[in-house]
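J.: Here you go, entry15.txt (compact mmCIF, N, CA and C atoms):
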# COMPACT_ATOMS: atom_id res chain seq x y z
N MET A 730 0.84 -1.17 0.00
CA MET A 730 0.00 0.00 0.00
C MET A 730 0.89 1.25 0.00
N PRO A 731 0.49 2.27 -0.70
CA PRO A 731 1.32 3.47 -0.78
C PRO A 731 1.27 4.29 0.50
N GLY A 732 2.14 5.23 0.59
CA GLY A 732 2.14 6.16 1.72
C GLY A 732 3.44 6.13 2.49
N HIS A 733 3.75 7.26 3.08
CA HIS A 733 4.95 7.40 3.88
C HIS A 733 4.59 7.91 5.27
N VAL A 734 5.49 7.68 6.19
CA VAL A 734 5.26 8.03 7.58
C VAL A 734 4.87 9.50 7.73
N HIS A 735 5.54 10.40 7.03
CA HIS A 735 5.25 11.83 7.20
C HIS A 735 3.83 12.19 6.78
N GLU A 736 3.18 11.36 5.97
CA GLU A 736 1.81 11.63 5.54
C GLU A 736 0.78 11.21 6.58
N ALA A 737 1.16 10.36 7.51
CA ALA A 737 0.19 9.80 8.46
C ALA A 737 0.49 10.13 9.91
N MET A 738 1.71 10.52 10.21
CA MET A 738 2.11 10.71 11.61
C MET A 738 1.42 11.92 12.23
N THR A 739 1.33 11.89 13.54
CA THR A 739 0.85 13.01 14.32
C THR A 739 2.05 13.88 14.66
N THR A 740 1.95 15.16 14.36
CA THR A 740 3.10 16.04 14.60
C THR A 740 3.04 16.76 15.94
N LEU A 741 1.88 16.75 16.59
CA LEU A 741 1.78 17.31 17.93
C LEU A 741 2.17 16.21 18.91
N ILE A 742 3.34 16.34 19.47
CA ILE A 742 3.90 15.29 20.32
C ILE A 742 3.69 15.65 21.78
N LEU A 743 3.15 14.73 22.54
CA LEU A 743 3.06 14.89 23.98
C LEU A 743 4.39 14.44 24.57
N THR A 744 5.10 15.35 25.20
CA THR A 744 6.37 15.04 25.83
C THR A 744 6.23 15.24 27.33
N ILE A 745 6.67 14.23 28.08
CA ILE A 745 6.64 14.32 29.54
C ILE A 745 8.02 14.00 30.07
N GLY A 746 8.21 14.27 31.35
CA GLY A 746 9.47 13.96 32.01
C GLY A 746 9.39 12.63 32.74
N PRO A 747 10.52 12.08 33.11
CA PRO A 747 10.54 10.77 33.77
C PRO A 747 9.91 10.78 35.16
N GLU A 748 9.78 11.95 35.78
CA GLU A 748 9.23 12.03 37.13
C GLU A 748 7.72 12.29 37.16
N HIS A 749 7.09 12.42 36.00
CA HIS A 749 5.64 12.53 35.98
C HIS A 749 5.05 11.26 36.60
N THR A 750 3.98 11.41 37.36
CA THR A 750 3.30 10.21 37.86
C THR A 750 2.50 9.61 36.71
N LEU A 751 2.12 8.36 36.88
CA LEU A 751 1.29 7.73 35.86
C LEU A 751 -0.06 8.41 35.75
N ARG A 752 -0.59 8.91 36.87
CA ARG A 752 -1.87 9.64 36.80
C ARG A 752 -1.71 10.90 35.96
N GLN A 753 -0.64 11.66 36.20
CA GLN A 753 -0.40 12.86 35.41
C GLN A 753 -0.26 12.52 33.93
N ALA A 754 0.49 11.48 33.64
CA ALA A 754 0.67 11.06 32.25
C ALA A 754 -0.66 10.67 31.62
N ALA A 755 -1.47 9.91 32.36
CA ALA A 755 -2.77 9.49 31.84
C ALA A 755 -3.68 10.69 31.61
N GLN A 756 -3.67 11.65 32.51
CA GLN A 756 -4.50 12.85 32.33
C GLN A 756 -4.08 13.63 31.09
N LEU A 757 -2.78 13.79 30.89
CA LEU A 757 -2.29 14.51 29.72
C LEU A 757 -2.61 13.76 28.43
N MET A 758 -2.43 12.44 28.44
CA MET A 758 -2.73 11.64 27.26
C MET A 758 -4.22 11.71 26.94
N SER A 759 -5.05 11.64 27.96
CA SER A 759 -6.49 11.70 27.76
C SER A 759 -6.91 13.06 27.21
N ALA A 760 -6.37 14.13 27.78
CA ALA A 760 -6.74 15.47 27.34
C ALA A 760 -6.34 15.71 25.88
N ARG A 761 -5.26 15.10 25.46
CA ARG A 761 -4.79 15.29 24.08
C ARG A 761 -5.24 14.19 23.14
N ARG A 762 -5.96 13.22 23.72
CA ARG A 762 -6.51 12.11 22.94
C ARG A 762 -5.43 11.36 22.17
N VAL A 763 -4.35 11.02 22.90
CA VAL A 763 -3.25 10.25 22.31
C VAL A 763 -3.01 9.01 23.15
N GLY A 764 -2.43 8.01 22.54
CA GLY A 764 -2.18 6.75 23.22
C GLY A 764 -0.76 6.56 23.70
N ALA A 765 0.08 7.60 23.50
CA ALA A 765 1.47 7.48 23.91
C ALA A 765 2.06 8.86 24.18
N ALA A 766 3.05 8.87 25.07
CA ALA A 766 3.79 10.09 25.36
C ALA A 766 5.28 9.80 25.18
N VAL A 767 5.98 10.74 24.61
CA VAL A 767 7.43 10.63 24.51
C VAL A 767 7.99 11.08 25.85
N VAL A 768 8.84 10.25 26.45
CA VAL A 768 9.45 10.57 27.73
C VAL A 768 10.87 11.05 27.45
N LEU A 769 11.12 12.30 27.80
CA LEU A 769 12.42 12.90 27.57
C LEU A 769 13.11 13.07 28.92
N ASP A 770 14.25 12.42 29.05
CA ASP A 770 15.02 12.53 30.28
C ASP A 770 16.13 13.55 30.06
N PRO A 771 16.00 14.75 30.63
CA PRO A 771 16.99 15.80 30.39
C PRO A 771 18.38 15.46 30.95
N ASP A 772 18.43 14.56 31.94
CA ASP A 772 19.73 14.19 32.52
C ASP A 772 20.53 13.29 31.59
N THR A 773 19.84 12.47 30.80
CA THR A 773 20.54 11.53 29.92
C THR A 773 20.35 11.87 28.45
N SER A 774 19.51 12.84 28.16
CA SER A 774 19.14 13.18 26.77
C SER A 774 18.55 11.98 26.05
N GLY A 775 18.02 11.05 26.82
CA GLY A 775 17.43 9.85 26.24
C GLY A 775 15.95 10.03 25.95
N LEU A 776 15.49 9.30 24.95
CA LEU A 776 14.07 9.29 24.58
C LEU A 776 13.49 7.92 24.88
N GLY A 777 12.30 7.92 25.41
CA GLY A 777 11.57 6.69 25.61
C GLY A 777 10.11 6.93 25.29
N ILE A 778 9.31 5.90 25.46
CA ILE A 778 7.88 6.03 25.18
C ILE A 778 7.08 5.37 26.29
N LEU A 779 6.04 6.05 26.70
CA LEU A 779 5.09 5.54 27.69
C LEU A 779 3.75 5.44 26.99
N THR A 780 3.16 4.27 26.99
CA THR A 780 1.90 4.07 26.28
C THR A 780 0.75 3.80 27.25
N GLU A 781 -0.45 3.90 26.70
CA GLU A 781 -1.63 3.60 27.50
C GLU A 781 -1.57 2.18 28.04
N ARG A 782 -0.97 1.29 27.30
CA ARG A 782 -0.85 -0.10 27.77
C ARG A 782 0.08 -0.20 28.98
N ASP A 783 1.16 0.60 28.98
CA ASP A 783 2.07 0.61 30.13
C ASP A 783 1.32 1.05 31.39
N ILE A 784 0.49 2.06 31.26
CA ILE A 784 -0.29 2.55 32.39
C ILE A 784 -1.31 1.49 32.82
N LEU A 785 -1.98 0.89 31.86
CA LEU A 785 -2.96 -0.16 32.15
C LEU A 785 -2.32 -1.34 32.87
N ASN A 786 -1.13 -1.75 32.42
CA ASN A 786 -0.44 -2.87 33.08
C ASN A 786 -0.10 -2.53 34.52
N SER A 787 0.32 -1.30 34.77
CA SER A 787 0.63 -0.88 36.14
C SER A 787 -0.62 -0.91 37.01
N LEU A 788 -1.72 -0.33 36.51
CA LEU A 788 -2.97 -0.34 37.27
C LEU A 788 -3.46 -1.76 37.50
N GLY A 789 -3.36 -2.58 36.48
CA GLY A 789 -3.83 -3.96 36.58
C GLY A 789 -3.06 -4.78 37.60
N SER A 790 -1.82 -4.38 37.85
CA SER A 790 -1.03 -5.11 38.85
C SER A 790 -1.16 -4.51 40.24
N GLY A 791 -2.07 -3.51 40.39
CA GLY A 791 -2.36 -2.95 41.70
C GLY A 791 -1.46 -1.80 42.12
N GLN A 792 -0.63 -1.28 41.23
CA GLN A 792 0.24 -0.17 41.59
C GLN A 792 -0.55 1.13 41.68
N ASP A 793 -0.06 2.05 42.50
CA ASP A 793 -0.71 3.33 42.75
C ASP A 793 -0.28 4.34 41.68
N PRO A 794 -1.20 4.84 40.84
CA PRO A 794 -0.83 5.76 39.77
C PRO A 794 -0.34 7.11 40.28
N ASP A 795 -0.59 7.41 41.56
CA ASP A 795 -0.09 8.66 42.13
C ASP A 795 1.33 8.51 42.69
N GLU A 796 1.78 7.28 42.80
CA GLU A 796 3.13 7.02 43.31
C GLU A 796 4.08 6.56 42.21
N GLU A 797 3.55 5.82 41.25
CA GLU A 797 4.39 5.29 40.18
C GLU A 797 4.84 6.40 39.24
N ARG A 798 6.10 6.39 38.88
CA ARG A 798 6.68 7.41 38.00
C ARG A 798 6.85 6.86 36.60
N ALA A 799 6.78 7.76 35.64
CA ALA A 799 6.86 7.38 34.23
C ALA A 799 8.13 6.58 33.93
N HIS A 800 9.26 6.98 34.51
CA HIS A 800 10.53 6.31 34.18
C HIS A 800 10.50 4.82 34.49
N ALA A 801 9.72 4.42 35.47
CA ALA A 801 9.67 3.01 35.84
C ALA A 801 8.87 2.18 34.84
N HIS A 802 8.14 2.83 33.96
CA HIS A 802 7.27 2.12 33.02
C HIS A 802 7.57 2.48 31.56
N THR A 803 8.59 3.29 31.37
CA THR A 803 8.95 3.76 30.04
C THR A 803 9.75 2.71 29.28
N THR A 804 9.41 2.51 28.03
CA THR A 804 10.21 1.67 27.15
C THR A 804 11.34 2.53 26.61
N THR A 805 12.57 2.13 26.89
CA THR A 805 13.71 2.90 26.41
C THR A 805 14.41 2.22 25.23
N ASP A 806 14.12 0.95 25.03
CA ASP A 806 14.66 0.23 23.88
C ASP A 806 13.67 0.41 22.73
N VAL A 807 13.66 1.62 22.18
CA VAL A 807 12.63 2.04 21.24
C VAL A 807 13.09 1.86 19.80
N VAL A 808 12.16 1.44 18.96
CA VAL A 808 12.39 1.43 17.52
C VAL A 808 11.91 2.78 17.00
N PHE A 809 12.79 3.49 16.35
CA PHE A 809 12.45 4.80 15.80
C PHE A 809 12.23 4.69 14.30
N ALA A 810 11.36 5.54 13.78
CA ALA A 810 11.13 5.62 12.33
C ALA A 810 11.64 6.97 11.84
N THR A 811 11.79 7.06 10.54
CA THR A 811 12.08 8.36 9.93
C THR A 811 10.88 8.77 9.10
N ARG A 812 10.82 10.04 8.76
CA ARG A 812 9.70 10.57 7.98
C ARG A 812 9.57 9.87 6.63
N THR A 813 10.65 9.36 6.09
CA THR A 813 10.64 8.79 4.74
C THR A 813 10.34 7.30 4.70
N TRP A 814 10.21 6.67 5.86
CA TRP A 814 9.82 5.26 5.85
C TRP A 814 8.48 5.12 5.14
N THR A 815 8.27 4.01 4.48
CA THR A 815 6.94 3.73 3.95
C THR A 815 6.06 3.26 5.11
N LEU A 816 4.76 3.41 4.92
CA LEU A 816 3.83 2.92 5.94
C LEU A 816 3.90 1.40 6.03
N ASP A 817 4.19 0.74 4.91
CA ASP A 817 4.38 -0.71 4.94
C ASP A 817 5.53 -1.09 5.88
N ALA A 818 6.66 -0.37 5.77
CA ALA A 818 7.82 -0.65 6.62
C ALA A 818 7.48 -0.38 8.08
N ALA A 819 6.76 0.69 8.35
CA ALA A 819 6.36 1.02 9.72
C ALA A 819 5.44 -0.06 10.28
N ALA A 820 4.45 -0.48 9.49
CA ALA A 820 3.52 -1.52 9.93
C ALA A 820 4.26 -2.83 10.18
N GLU A 821 5.22 -3.14 9.35
CA GLU A 821 6.01 -4.36 9.53
C GLU A 821 6.83 -4.29 10.81
N ALA A 822 7.45 -3.15 11.08
CA ALA A 822 8.24 -2.98 12.31
C ALA A 822 7.34 -3.12 13.54
N MET A 823 6.15 -2.53 13.49
CA MET A 823 5.22 -2.63 14.61
C MET A 823 4.77 -4.07 14.83
N THR A 824 4.45 -4.74 13.76
CA THR A 824 4.01 -6.13 13.86
C THR A 824 5.12 -7.02 14.40
N ARG A 825 6.30 -6.85 13.86
CA ARG A 825 7.45 -7.66 14.29
C ARG A 825 7.79 -7.38 15.75
N GLY A 826 7.72 -6.12 16.17
CA GLY A 826 8.09 -5.76 17.53
C GLY A 826 6.97 -5.88 18.55
N GLY A 827 5.73 -6.03 18.08
CA GLY A 827 4.60 -6.17 19.00
C GLY A 827 4.22 -4.88 19.70
N PHE A 828 4.38 -3.75 19.03
CA PHE A 828 4.00 -2.47 19.61
C PHE A 828 3.12 -1.69 18.65
N ARG A 829 2.49 -0.60 19.15
CA ARG A 829 1.51 0.13 18.35
C ARG A 829 1.88 1.58 18.08
N HIS A 830 3.06 2.01 18.53
CA HIS A 830 3.48 3.40 18.33
C HIS A 830 4.95 3.45 17.95
N LEU A 831 5.28 4.36 17.05
CA LEU A 831 6.66 4.63 16.67
C LEU A 831 6.94 6.11 16.87
N ILE A 832 8.07 6.42 17.47
CA ILE A 832 8.53 7.80 17.52
C ILE A 832 9.24 8.08 16.21
N VAL A 833 8.90 9.19 15.57
CA VAL A 833 9.49 9.56 14.29
C VAL A 833 10.57 10.60 14.55
N LEU A 834 11.78 10.32 14.08
CA LEU A 834 12.91 11.21 14.29
C LEU A 834 13.35 11.87 12.99
N ASP A 835 13.87 13.07 13.14
CA ASP A 835 14.54 13.79 12.05
C ASP A 835 15.77 14.42 12.68
N GLU A 836 16.94 13.98 12.24
CA GLU A 836 18.18 14.50 12.84
C GLU A 836 18.21 14.27 14.34
N ARG A 837 17.80 13.09 14.79
CA ARG A 837 17.81 12.68 16.19
C ARG A 837 16.82 13.44 17.07
N GLU A 838 15.96 14.25 16.47
CA GLU A 838 14.94 14.98 17.22
C GLU A 838 13.56 14.40 16.90
N PRO A 839 12.70 14.22 17.92
CA PRO A 839 11.35 13.73 17.63
C PRO A 839 10.53 14.77 16.86
N VAL A 840 9.95 14.34 15.75
CA VAL A 840 9.11 15.24 14.94
C VAL A 840 7.69 14.72 14.80
N GLY A 841 7.43 13.54 15.35
CA GLY A 841 6.09 12.98 15.26
C GLY A 841 5.99 11.64 15.94
N VAL A 842 4.76 11.17 16.05
CA VAL A 842 4.47 9.83 16.56
C VAL A 842 3.52 9.20 15.56
N LEU A 843 3.80 7.96 15.22
CA LEU A 843 2.95 7.21 14.29
C LEU A 843 2.33 6.05 15.05
N SER A 844 1.01 5.95 14.97
CA SER A 844 0.31 4.84 15.63
C SER A 844 -0.30 3.92 14.57
N VAL A 845 -0.69 2.75 15.00
CA VAL A 845 -1.39 1.83 14.11
C VAL A 845 -2.65 2.51 13.57
N ARG A 846 -3.33 3.26 14.43
CA ARG A 846 -4.54 3.97 14.01
C ARG A 846 -4.23 4.96 12.88
N ASP A 847 -3.10 5.64 12.98
CA ASP A 847 -2.70 6.58 11.92
C ASP A 847 -2.51 5.86 10.59
N ILE A 848 -1.90 4.68 10.64
CA ILE A 848 -1.68 3.90 9.42
C ILE A 848 -3.01 3.46 8.82
N VAL A 849 -3.88 2.91 9.66
CA VAL A 849 -5.18 2.45 9.18
C VAL A 849 -5.98 3.61 8.59
N ARG A 850 -5.97 4.74 9.28
CA ARG A 850 -6.68 5.91 8.78
C ARG A 850 -6.14 6.32 7.40
N ASN A 851 -4.83 6.28 7.24
CA ASN A 851 -4.22 6.66 5.96
C ASN A 851 -4.57 5.66 4.87
N TRP A 852 -4.64 4.38 5.22
CA TRP A 852 -4.93 3.36 4.24
C TRP A 852 -6.42 3.24 3.92
N SER A 853 -7.27 3.82 4.76
CA SER A 853 -8.71 3.68 4.53
C SER A 853 -9.14 4.48 3.31
N ASP A 854 -10.23 4.07 2.73
CA ASP A 854 -10.76 4.77 1.55
C ASP A 854 -11.25 6.16 1.89
N SER A 855 -11.85 6.29 3.06
CA SER A 855 -12.50 7.56 3.39
C SER A 855 -11.53 8.61 3.90
N ASN A 856 -10.50 8.17 4.63
CA ASN A 856 -9.53 9.09 5.22
C ASN A 856 -10.18 10.09 6.17
N ILE A 857 -11.36 9.77 6.68
CA ILE A 857 -12.09 10.66 7.58
C ILE A 857 -11.99 10.07 8.99
N PRO A 858 -11.53 10.86 9.97
CA PRO A 858 -11.46 10.33 11.34
C PRO A 858 -12.85 10.05 11.88
N VAL A 859 -12.96 9.00 12.67
CA VAL A 859 -14.23 8.62 13.28
C VAL A 859 -14.33 9.27 14.64
N ALA A 860 -15.42 9.97 14.87
CA ALA A 860 -15.65 10.60 16.17
C ALA A 860 -15.90 9.53 17.21
N PRO A 861 -15.55 9.78 18.48
CA PRO A 861 -15.69 8.76 19.52
C PRO A 861 -17.10 8.19 19.66
N ASP A 862 -18.13 9.01 19.46
CA ASP A 862 -19.50 8.53 19.62
C ASP A 862 -20.25 8.48 18.29
N ALA A 863 -19.52 8.27 17.21
CA ALA A 863 -20.14 8.21 15.89
C ALA A 863 -20.97 6.93 15.78
N PRO A 864 -21.97 6.92 14.88
CA PRO A 864 -22.75 5.71 14.69
C PRO A 864 -21.83 4.54 14.38
N GLY A 865 -22.12 3.42 14.96
CA GLY A 865 -21.30 2.24 14.75
C GLY A 865 -20.25 2.04 15.83
N THR A 866 -20.10 3.00 16.73
CA THR A 866 -19.19 2.83 17.85
C THR A 866 -19.99 2.53 19.10
N VAL A 867 -19.34 1.93 20.06
CA VAL A 867 -19.99 1.56 21.29
C VAL A 867 -19.35 2.34 22.42
N THR A 868 -20.15 3.04 23.20
CA THR A 868 -19.67 3.73 24.38
C THR A 868 -20.16 2.96 25.59
N VAL A 869 -19.22 2.61 26.47
CA VAL A 869 -19.57 1.81 27.63
C VAL A 869 -19.53 2.65 28.88
Would you write out, as structure tokens, the structure that this file holds?

T.:
Amino acid sequence: MPGHVHEAMTTLILTIGPEHTLRQAAQLMSARRVGAAVVLDPDTSGLGILTERDILNSLGSGQDPDEERAHAHTTTDVVFATRTWTLDAAAEAMTRGGFRHLIVLDEREPVGVLSVRDIVRNWSDSNIPVAPDAPGTVTV
């Protein structure tokens, strides 16, 4: 299927610090309607990613979201994409790695985040985002 990462990625990146609590991270992710936050550690200049699944796993194991810090749940062994990757290559990397988000870098700087949803939206015929309570969706 045609398409490149730069055509589908989200360019508004939610960036948090390693000391954010999981509750703070979840609130920011919810407010921005994103499934992942880039975790930037200013002490190491390292980039990581915290996803909704990381938060869910912590809550599911009984951890306190007001005590748990992002750094303890951040994936630091991240696969990065570039703007020029094809969406096929991105989808293959996600499938092979078992993850749903890629941080997109340009000159070692994050310029976007690509999710599985972004790829599907780009590949769809309509290319129209579905509203959360649109017909055909279920709200619980």

J.: What is the distance between atom N of Phe809 in chain A and atom N of Leu834 in chain A, in Å to one decimal?

T.: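 Between atom N of Phe809 in chain A and atom N of Leu834 in chain A the gap is 7.3 Å.
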
J.: Measure the distance from CA of Val845 in chain A to atom N of Glu797 in chain A in Å and round it to one decimal.

T.: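 That distance, rounded to one decimal, is 27.9 Å.
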
J.: Considering all atoms listed in the file, can you say which of A:Ala822, A:Leu843, A:Leu751, A:Ile778 comes closest to Thr739 in chain A?

T.: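 Checking each candidate against Thr739 in chain A, we get A:Leu843 as the closest.
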
J.: For Ser759 in chain A, which residue among A:Leu743, A:Val734, A:Ala810, A:Leu776 is the nearest when counting only C-alpha atoms?

T.: A:Leu743

J.: Just give me the gap between atom C of Glu781 in chain A and CA of Gly732 in chain A in Å, one decimal is fine.

T.: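 Result for atom C of Glu781 in chain A versus CA of Gly732 in chain A: 26.9 Å, one decimal.
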
J.: Which parts of range 739-810 of chain A does DSSP call alpha helix (DSSP H) when run on the backbone here, written out as number ranges by chain?

T.: A: 751-761, 781-789

J.: From the options A:Leu741, A:Thr811, A:Leu816, A:Ala801, which residue's atoms come nearest to Asp835 in chain A, counting all atoms listed in the file?

T.: A:Thr811

J.: Run DSSP on the backbone and grab whatever in chain A lands in strand (DSSP E); send it over as a PyMOL selection string.

T.: chain A and resi 744-745+765-770+775-780+809-811+830-835+838-844

J.: Please provide as JSON, numbers by chain all residues within 8 Å of Ala820 in chain A, with the sequence filter that same-chain residues fewer than 5 positions apart are discarded (counting only N, CA and C atoms).

T.: {"A": [815, 825, 826, 845, 848]}

J.: I'd like the neighbourhood of Glu796 in chain A as a PyMOL selection string, where a residue qualifies if any of its atoms comes within 12 Å (using only C-alpha atoms), though same-chain residues fewer than 2 positions away should be ignored.

T.: chain A and resi 748-753+787-788+791-794+798-801

J.: Which of these residues is nearest to Thr740 in chain A, using all atoms listed in the file: A:Arg762, A:Val767, A:Asp772, A:Val840?

T.: A:Val840
